[in-house]
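Enquirer: Structure supplied as input-v3.cif; contents: mmCIF, C-alpha atoms and all ligand atoms.
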data_protein
loop_
_atom_site.label_atom_id
_atom_site.label_comp_id
_atom_site.auth_asym_id
_atom_site.auth_seq_id
_atom_site.Cartn_x
_atom_site.Cartn_y
_atom_site.Cartn_z
CA MET W 249 -20.51 1.45 13.71
CA ARG W 250 -19.15 4.92 14.03
CA PHE W 251 -18.11 6.50 17.28
CA VAL W 252 -18.25 10.19 18.00
CA ASN W 253 -14.78 11.57 18.51
CA LEU W 254 -13.23 8.23 17.64
CA LEU W 255 -11.81 8.75 14.20
CA PHE W 256 -10.07 5.50 13.64
CA ILE W 257 -9.68 1.99 14.89
CA VAL W 258 -6.54 0.01 14.34
CA PHE W 259 -6.94 -3.58 13.37
CA VAL W 260 -3.72 -5.55 13.57
CA ALA W 261 -3.85 -9.01 12.14
CA LEU W 262 -1.94 -11.42 9.99
CA GLY W 263 -3.77 -12.10 6.76
CA THR W 264 -7.24 -11.15 7.93
CA SER W 265 -8.72 -8.57 10.19
CA ALA W 266 -11.11 -8.96 13.10
CA GLN W 267 -13.84 -11.57 12.83
CA GLY W 268 -17.46 -10.58 12.41
CA ASP W 269 -20.68 -11.06 10.49
CA ALA W 270 -20.26 -8.20 8.04
CA PRO W 271 -19.60 -9.14 4.41
CA ASP W 272 -15.97 -9.49 3.47
CA VAL W 273 -14.18 -6.90 1.42
CA LEU W 274 -11.41 -8.47 -0.64
CA LEU W 275 -8.65 -6.24 -1.91
CA ARG W 276 -6.15 -7.40 -4.48
CA VAL W 277 -2.93 -5.72 -5.57
CA ASN W 278 -0.12 -6.48 -7.97
CA LEU W 279 3.33 -6.41 -6.43
CA GLN W 280 6.60 -5.54 -8.13
CA GLY W 281 9.96 -7.30 -7.94
CA ARG W 282 8.65 -10.53 -6.43
CA GLY W 283 8.21 -12.85 -9.38
CA THR W 284 4.91 -14.22 -10.64
CA ALA W 285 2.05 -14.98 -8.24
CA PRO W 286 1.13 -17.20 -6.55
CA THR W 287 4.36 -17.26 -4.57
CA GLU W 288 5.43 -16.71 -0.99
CA ALA W 289 7.26 -13.61 -2.13
CA TRP W 290 3.87 -11.92 -2.54
CA GLN W 291 3.11 -12.35 1.14
CA THR W 292 4.04 -8.95 2.46
CA ALA W 293 2.89 -6.28 4.85
CA VAL W 294 0.44 -3.69 3.58
CA THR W 295 -1.35 -0.80 5.21
CA VAL W 296 -4.98 -0.13 4.30
CA LEU W 297 -6.49 3.22 5.24
CA LEU W 298 -10.18 4.08 5.02
CA THR W 299 -11.33 7.66 5.27
CA GLU W 300 -14.73 9.20 4.89
CA SER W 301 -15.44 9.84 1.22
CA CYS W 302 -14.56 13.12 -0.44
CA GLY W 303 -11.46 13.68 1.65
CA GLY W 304 -13.07 13.16 5.03
CA PRO W 305 -11.24 12.15 8.20
CA LEU W 306 -9.48 8.86 8.75
CA GLN W 307 -11.78 6.12 9.99
CA TYR W 308 -9.85 2.85 10.01
CA ILE W 309 -6.33 1.57 9.60
CA TYR W 310 -5.62 -2.08 8.86
CA GLU W 311 -2.14 -3.55 9.10
CA LEU W 312 -2.35 -6.79 7.13
CA ASN W 313 -0.30 -9.27 5.17
CA THR W 314 -1.19 -10.12 1.60
CA ASP W 315 -1.52 -13.77 0.67
CA SER W 316 0.48 -15.44 -2.09
CA THR W 317 -1.77 -13.84 -4.72
CA GLY W 318 -1.61 -10.30 -3.36
CA ARG W 319 -4.98 -10.41 -1.64
CA VAL W 320 -6.10 -9.15 1.77
CA VAL W 321 -9.50 -9.50 3.41
CA LEU W 322 -11.23 -6.83 5.49
CA LYS W 323 -13.81 -8.18 7.91
CA SER W 324 -16.27 -6.50 10.27
CA LEU W 325 -16.22 -3.34 8.21
CA PRO W 326 -19.24 -1.13 8.95
CA ALA W 327 -21.26 -0.23 5.87
CA GLY W 328 -20.40 3.10 4.39
CA ILE W 329 -18.87 5.02 1.53
CA TYR W 330 -15.14 5.30 1.90
CA ASP W 331 -12.00 6.50 0.24
CA LEU W 332 -9.74 3.48 0.24
CA ARG W 333 -5.93 3.60 0.23
CA ILE W 334 -3.35 0.82 0.25
CA ARG W 335 0.45 0.63 0.22
CA THR W 336 3.34 -1.66 1.06
CA ARG W 337 6.10 -0.43 3.36
CA THR W 338 7.92 1.11 0.42
CA SER W 339 5.37 1.70 -2.33
CA LEU W 340 3.40 4.72 -3.39
CA ILE W 341 -0.22 4.77 -2.21
CA ASN W 342 -2.97 3.58 -4.52
CA VAL W 343 -6.41 5.05 -3.85
CA ARG W 344 -10.03 4.53 -4.87
CA HIS W 345 -12.55 7.19 -3.97
CA ASN W 346 -16.21 6.92 -2.95
CA VAL W 347 -16.43 3.14 -2.66
CA LEU W 348 -19.49 1.57 -1.07
CA LEU W 349 -18.26 -1.14 1.29
CA GLY W 350 -19.71 -3.35 3.98
CA THR W 351 -23.10 -4.04 2.41
CA GLN W 352 -22.13 -7.07 0.33
CA THR W 353 -19.07 -9.18 -0.33
CA ARG W 354 -16.91 -7.30 -2.78
CA GLU W 355 -13.57 -7.80 -4.45
CA LEU W 356 -11.72 -4.72 -5.55
CA HIS W 357 -8.51 -4.64 -7.55
CA MET W 358 -6.36 -1.83 -6.25
CA GLY W 359 -3.84 -1.96 -9.09
CA THR W 360 -0.07 -2.26 -9.09
CA LEU W 361 1.74 -0.86 -6.08
CA PHE W 362 4.78 0.98 -7.42
CA GLU W 363 7.85 0.38 -5.29
CA GLY W 364 10.53 2.86 -4.39
CA ASP W 365 9.17 5.35 -1.87
CA ALA W 366 11.60 4.31 0.84
CA ASN W 367 11.15 7.48 2.87
CA HIS W 368 7.33 7.68 2.65
CA ASP W 369 7.11 11.17 1.21
CA GLY W 370 4.89 10.28 -1.75
CA VAL W 371 7.54 10.67 -4.44
CA ILE W 372 10.17 8.26 -5.76
CA ASP W 373 13.27 10.36 -6.18
CA GLY W 374 16.87 10.93 -5.18
CA ALA W 375 16.13 10.79 -1.47
CA ASP W 376 14.97 7.19 -1.91
CA PHE W 377 18.04 6.46 -3.99
CA ASP W 378 20.16 7.62 -1.07
CA VAL W 379 18.38 5.23 1.31
CA ILE W 380 19.17 2.25 -0.90
CA LYS W 381 22.71 3.43 -1.60
CA THR W 382 23.39 3.77 2.13
CA HIS W 383 22.30 0.21 2.88
CA TYR W 384 23.37 -1.43 -0.36
CA GLY W 385 24.80 -4.91 0.05
CA THR W 386 23.38 -5.53 3.51
CA LYS W 387 21.34 -8.57 4.48
CA GLU W 388 18.58 -9.13 6.97
CA ASP W 389 19.90 -9.80 10.50
CA GLU W 390 23.20 -8.17 9.60
CA ALA W 391 24.43 -4.82 10.83
CA GLY W 392 23.36 -1.98 8.58
CA TYR W 393 20.35 -3.72 7.04
CA GLU W 394 17.34 -1.44 6.66
CA ARG W 395 13.94 -2.78 5.61
CA GLN W 396 13.00 0.51 3.99
CA ALA W 397 15.85 -0.02 1.53
CA ASP W 398 14.74 -3.58 0.73
CA LEU W 399 12.05 -2.72 -1.79
CA ASN W 400 11.15 -6.28 -2.75
CA ASP W 401 11.36 -7.53 0.84
CA ASP W 402 13.64 -10.46 -0.01
CA GLY W 403 16.08 -9.89 2.85
CA ILE W 404 18.91 -8.25 0.92
CA VAL W 405 19.47 -4.78 -0.47
CA ASN W 406 20.93 -5.29 -3.91
CA VAL W 407 20.62 -4.58 -7.61
CA LEU W 408 17.02 -5.80 -7.70
CA ASP W 409 16.01 -3.00 -5.37
CA PHE W 410 17.96 -0.47 -7.41
CA SER W 411 16.25 -1.76 -10.54
CA LEU W 412 12.82 -1.22 -9.02
CA LEU W 413 13.74 2.30 -7.97
CA SER W 414 15.14 3.07 -11.39
CA ALA W 415 12.04 1.81 -13.19
CA ASN W 416 9.74 3.94 -11.04
CA PHE W 417 11.99 6.96 -10.55
CA GLY W 418 10.05 10.22 -10.71
CA LEU W 419 6.62 8.73 -10.03
CA ALA W 420 4.43 10.35 -7.40
CA GLY W 421 1.35 9.29 -5.50
CA PRO W 422 -1.34 8.75 -4.48
CA ARG W 423 -2.30 6.95 -7.68
CA GLU W 424 -5.95 6.64 -8.64
CA THR W 425 -6.93 3.07 -9.45
CA ALA W 426 -10.46 3.67 -10.76
CA GLY W 427 -13.13 6.28 -11.22
CA CYS W 428 -10.89 9.31 -11.55
CA PRO W 429 -8.04 10.38 -13.82
CA PHE W 430 -4.66 9.02 -12.86
CA MET W 431 -2.69 11.37 -10.68
CA LEU W 432 0.46 9.84 -12.04
CA ALA W 433 3.10 12.44 -12.59
CA ARG W 434 6.79 12.87 -12.88
CA SER W 435 8.63 14.47 -10.01
CA GLY W 436 7.96 18.17 -9.77
CA THR W 437 4.83 18.02 -11.92
CA ARG W 438 2.41 16.34 -9.57
CA VAL W 439 -1.19 16.88 -10.63
CA GLY W 440 -4.38 16.80 -8.64
CA ALA W 441 -4.57 16.59 -4.88
CA VAL W 442 -5.16 13.99 -2.23
CA ARG W 443 -8.87 13.88 -1.63
CA CA Y 501 10.31 9.13 -1.47
CA CA Y 502 15.75 -6.68 -1.89
#
Turn the structure described in the file into structure tokens.

Expert:
Amino acid sequence: MRFVNLLFIVFVALGTSAQGDAPDVLLRVNLQGRGTAPTEAWQTAVTVLLTESCGGPLQYIYELNTDSTGRVVLKSLPAGIYDLRIRTRTSLINVRHNVLLGTQTRELHMGTLFEGDANHDGVIDGADFDVIKTHYGTKEDEAGYERQADLNDDGIVNVLDFSLLSANFGLAGPRETAGCPFMLARSGTRVGAVR
């Protein structure tokens, strides 16, 4: 199913996307700062973006929640070859290029999502540090709390979030998960390009 002039469809669902007869596509990620799966702490919001392969235009966006093992399920996905991207609210993007989806049930591991990109600019650096510093010590439902500063999504901005940022400081995305060399780089030395 592909509509002329309609470049993307937004599926909004909790846990799974729209129902249909197409084979399921199961995506699995590893999450940081949330203990060992399976655990409720691994149930978190992720965004999945599918573009045409080789850097083509955006086709679909899914807003989903992972289950307690870090898995999401895409349903009713038209068959095609896609570039597949996934991120949490505060992680770098992981990407796999040229993936055939929608023809059979598949499970793809999308790797570890590296936390710390609080401002969504593709790099974990001092600007993200400032976001956490500004909201440090705040709790969910209290004045001053900011979800973008709560890297492990546990309802409080504290040393655990700073630890995640520190561990990943300088990393840049998107990060290749298979098929291509890693585009992992330290800040200021990013290699490759988003395709
Ligand atoms: Ca950033
Ligand atoms: Ca936290």

Enquirer: For ligand CA 502 (chain Y), return the neighbouring residues as a PDB file with C-alpha atoms, keeping the file's coordinate frame (distance at most 12 Å; all atoms listed in the file).

Expert:
ATOM      1  CA  GLN W 280       6.600  -5.540  -8.130  1.00  0.00           C
ATOM      2  CA  GLY W 281       9.960  -7.300  -7.940  1.00  0.00           C
ATOM      3  CA  ARG W 282       8.650 -10.530  -6.430  1.00  0.00           C
ATOM      4  CA  ALA W 289       7.260 -13.610  -2.130  1.00  0.00           C
ATOM      5  CA  THR W 338       7.920   1.110   0.420  1.00  0.00           C
ATOM      6  CA  GLU W 363       7.850   0.380  -5.290  1.00  0.00           C
ATOM      7  CA  GLY W 364      10.530   2.860  -4.390  1.00  0.00           C
ATOM      8  CA  ILE W 380      19.170   2.250  -0.900  1.00  0.00           C
ATOM      9  CA  HIS W 383      22.300   0.210   2.880  1.00  0.00           C
ATOM     10  CA  TYR W 384      23.370  -1.430  -0.360  1.00  0.00           C
ATOM     11  CA  GLY W 385      24.800  -4.910   0.050  1.00  0.00           C
ATOM     12  CA  THR W 386      23.380  -5.530   3.510  1.00  0.00           C
ATOM     13  CA  LYS W 387      21.340  -8.570   4.480  1.00  0.00           C
ATOM     14  CA  GLU W 388      18.580  -9.130   6.970  1.00  0.00           C
ATOM     15  CA  TYR W 393      20.350  -3.720   7.040  1.00  0.00           C
ATOM     16  CA  GLU W 394      17.340  -1.440   6.660  1.00  0.00           C
ATOM     17  CA  ARG W 395      13.940  -2.780   5.610  1.00  0.00           C
ATOM     18  CA  GLN W 396      13.000   0.510   3.990  1.00  0.00           C
ATOM     19  CA  ALA W 397      15.850  -0.020   1.530  1.00  0.00           C
ATOM     20  CA  ASP W 398      14.740  -3.580   0.730  1.00  0.00           C
ATOM     21  CA  LEU W 399      12.050  -2.720  -1.790  1.00  0.00           C
ATOM     22  CA  ASN W 400      11.150  -6.280  -2.750  1.00  0.00           C
ATOM     23  CA  ASP W 401      11.360  -7.530   0.840  1.00  0.00           C
ATOM     24  CA  ASP W 402      13.640 -10.460  -0.010  1.00  0.00           C
ATOM     25  CA  GLY W 403      16.080  -9.890   2.850  1.00  0.00           C
ATOM     26  CA  ILE W 404      18.910  -8.250   0.920  1.00  0.00           C
ATOM     27  CA  VAL W 405      19.470  -4.780  -0.470  1.00  0.00           C
ATOM     28  CA  ASN W 406      20.930  -5.290  -3.910  1.00  0.00           C
ATOM     29  CA  VAL W 407      20.620  -4.580  -7.610  1.00  0.00           C
ATOM     30  CA  LEU W 408      17.020  -5.800  -7.700  1.00  0.00           C
ATOM     31  CA  ASP W 409      16.010  -3.000  -5.370  1.00  0.00           C
ATOM     32  CA  PHE W 410      17.960  -0.470  -7.410  1.00  0.00           C
ATOM     33  CA  SER W 411      16.250  -1.760 -10.540  1.00  0.00           C
ATOM     34  CA  LEU W 412      12.820  -1.220  -9.020  1.00  0.00           C
ATOM     35  CA  LEU W 413      13.740   2.300  -7.970  1.00  0.00           C
TER      36      LEU W 413
END

Enquirer: Please write out the residues within 6 Å of ligand CA 501 (chain Y) as a PyMOL selection string, counting all atoms listed in the file.

Expert: chain W and resi 365-373+376

Enquirer: Need the axis-aligned box for segment 394-407 of chain W with 3 Å each side, so what are the centre and edges in Å to one decimal, as JSON?

Expert:
{"center_x": 16.0, "center_y": -5.0, "center_z": -0.5, "size_x": 15.8, "size_y": 17.0, "size_z": 20.3}

Enquirer: Could you tell me how far atom CA of Phe362 of chain W sits from atom CA of Ala375 of chain W, in Å to one decimal place?

Expert: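 Calculated distance between atom CA of Ala375 of chain W and atom CA of Phe362 of chain W is 16.1 Å.
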
Enquirer: With distances taken over only C-alpha atoms, which of W:Thr284, W:Ser339, W:Asn346, W:Thr299 is nearest to Thr317 of chain W?

Expert: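 Comparing W:Thr284, W:Ser339, W:Asn346, W:Thr299 against Thr317 of chain W, the winner is W:Thr284.
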
Enquirer: May I have the residues within 7 Å of Thr336 of chain W as a list of chain:residue names, using all atoms listed in the file and disregarding those fewer than 5 positions away in the same chain?

Expert: W:Ala293, W:Val294, W:Thr295

Enquirer: With C-alpha atoms retained, write the just-selected residues as an mmCIF file, in the coordinates of the input.

Expert:
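Result file is out-v5.cif:
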data_model
loop_
_atom_site.group_PDB
_atom_site.id
_atom_site.type_symbol
_atom_site.label_atom_id
_atom_site.label_comp_id
_atom_site.auth_asym_id
_atom_site.auth_seq_id
_atom_site.Cartn_x
_atom_site.Cartn_y
_atom_site.Cartn_z
ATOM 1 C CA ALA W 293 2.890 -6.280 4.850
ATOM 2 C CA VAL W 294 0.440 -3.690 3.580
ATOM 3 C CA THR W 295 -1.350 -0.800 5.210
#

Enquirer: Record the distance separating atom CA of Leu274 of chain W and atom CA of His357 of chain W, expressed in Å with one decimal.

Expert: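 Computing the Euclidean distance for atom CA of Leu274 of chain W and atom CA of His357 of chain W yields 8.4 Å.
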
Enquirer: Could you jot down the atom CA of Leu349 of chain W to atom CA of Tyr310 of chain W separation for me, Å, one decimal place?

Expert: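 Rounded to one decimal, the two atoms are 14.8 Å apart.
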
Enquirer: Which residues come within 12 Å of Val347 of chain W, counting all atoms listed in the file, excluding same-chain residues fewer than 2 positions away, as a PyMOL selection string?

Expert: chain W and resi 273+298-302+327-333+343-345+349-351+354-356+358+425-427

Enquirer: Do you know which residues are at most 9 Å from Leu361 of chain W counting only C-alpha atoms, after dropping those on the same chain fewer than 4 positions away, and could you put them as a list in words?

Expert: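 The residues satisfying every condition are Val277, Asn278, Leu279, Gln280, Ile334, Arg335, Thr336, Ser339, Leu340, Ile341, Asn342 and Arg423 of chain W.
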
Enquirer: Between W:Val321, W:Ala415, W:Ala420, W:Leu312, which one has atoms that come closest to Asp272 of chain W, using only C-alpha atoms?

Expert: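 Comparing W:Val321, W:Ala415, W:Ala420, W:Leu312 against Asp272 of chain W, the winner is W:Val321.
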